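Here is the structure we will look at, set down as structure tokens.
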Amino acid sequence: MPPVPAHQPGDDCFRLAMAASGIGMAIVDLDRRWVEVNPAFERMFGYSADELVGRPAAEFTHPDDIERSRQALDDLVAGRIEFIDAPKRYLHRDGKTIWAHANVAVMRDAGGVPLLLLVQVRDVSAEREAGNVLRANAEARANAADASDRHLQMFADSVAHDLRAPLRSIESFSGLLAKRAGEQLDETGRDYLERIRNAASRMSSLLAALADLSHATRVELKPGPVDLSLLADWVLADLQEAEPGRVVRAQVQPGLLAHGDERLLKLLLEQLLHNAWKFAQGRSEARIEVGGSSDAGGVQLFVRDNGSGFDMRYAPKLFQPFQRLHGPDEGGGHGLGLAIAQRIAERHHGYLRAESEPDVGSTFHLDLPAGDGSSSRAEP
């Protein structure tokens, strides 16, 4: 365990603020043990400070949240995320479950080395109970809004359909023009024609991606057992068939089983593996690996490539629609693939995150809960 920092001039003011706060506050060391808690924290948990200090924080975390809490804290300490701001379940002394909103940040030294974790927790159990009542009242309004949404979606789908027809004509006739009259055009004319064909192709791809995003957002889930390994092999076979000249060393770990909607999870894997396939292009030995582990809490899957990678400073943009970290000449697409993947993960109450290094490659991690997906995303 790293040494606790020496007393600093501002410590007394900080501890006075902790003692006076009505919000539960605590200091946790890097071994995830309570170092100090304030009176509000004691009241929330039903334990005295003497009973809490020195004990692992995980002892007071609901068993269903422990693994996701551990992962979130690992990401926080490693600097992959700046802070944690999420609900989680704790255990009160009398055995009841407390729903609390937790904020966790890292105290670091001047060199950026992590020292301690600063925790704030606010009991939101009553708010959640009240929320159940509100949700019941809101359900009728949601049903009415759903009908309106369906009409709006039908309109959007019809517009997309109407756009596809002229695009197909543009692609078809520009292709015929290139075939029949391409030799009669000068270099500038051929360049213009190629630009028209590329623009039409990008527009068709964008419309298809928008349809996938709509599908991922609105389609009714039909959960059941899913063999993710089989789906990954299927997607990779399709990618290889589309580009038979490429040599990619792909490895899929067998036996990765999940519970969810098979159609949507295949679409999610299509986005992740197409991303890996695209950005590994140009490598002398392109590699893609799909692996992971599973337990009673669910499945933890990763998709790893040795492609161009990206700077993690821009990771917050990664799952936002139309945000691209690479230009078209670097393999950048329409900017919807990862947004689709994240939406599918969220609908399965899962968690999608990325790790990457420029010119080394990227790894996307997907955590999916077991059963009906009642567990939420990774939390502190």
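Here, A, B, ... name the chains of the structure tokens in the order displayed, residue numbers run from 1 inside each chain, and ligands are numbered from 1 in the same displayed order.
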
Polymer residues at most 7 Å from segment 232-247 of chain A, only C-alpha atoms, same-chain spacing of 5 or more positions, as a ChimeraX atom specification = /A:252,269-270

If you count only C-alpha atoms, which residues fall within 10 Å of Ala19 of chain A, apart from same-chain ones fewer than 6 positions away, as a PyMOL selection string?
-> chain A and resi 13+25+37-41

Rank nothing, just name the residue among A:Pro63, A:Pro225, A:Pro166, A:Gly255 nearest to Leu91 of chain A, using only C-alpha atoms.
->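 Looking at the shortest contact to Leu91 of chain A, the residue is A:Pro63.
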
Compare A:Ala354, A:Leu16, A:Ile340, A:Ala181 by their minimum atom-to-atom distance to Asp75 of chain A, counting only C-alpha atoms, and give me the closest one.
->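 Nearest to Asp75 of chain A: A:Ala354.
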
For atom CA of Asp64 of chain A and atom CA of Asp31 of chain A, quote the distance in Å rounded to one decimal.
-> 20.3 Å

Residue contacts of Ala258 of chain A (12 Å, only C-alpha atoms) excluding same-chain residues fewer than 2 positions away, as a count of residues only = 36

Nearest-residue call for His349 of chain A, choices A:Arg287, A:His259, A:Asp305, A:Phe364, using only C-alpha atoms =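 Under the stated criterion, the closest residue is A:His259.
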
Tell me, as an MDAnalysis selection string, which residues lie within 9 Å of Arg89 of chain A, counting only C-alpha atoms; anything in the same chain fewer than 5 positions away does not count.
-> chainID A and resid 60:65 97:101

What are the DSSP strand (DSSP E or B) residues of segment 245-299 of chain A, as a ChimeraX atom specification?
-> /A:248-252,257-261,286-295,298-299
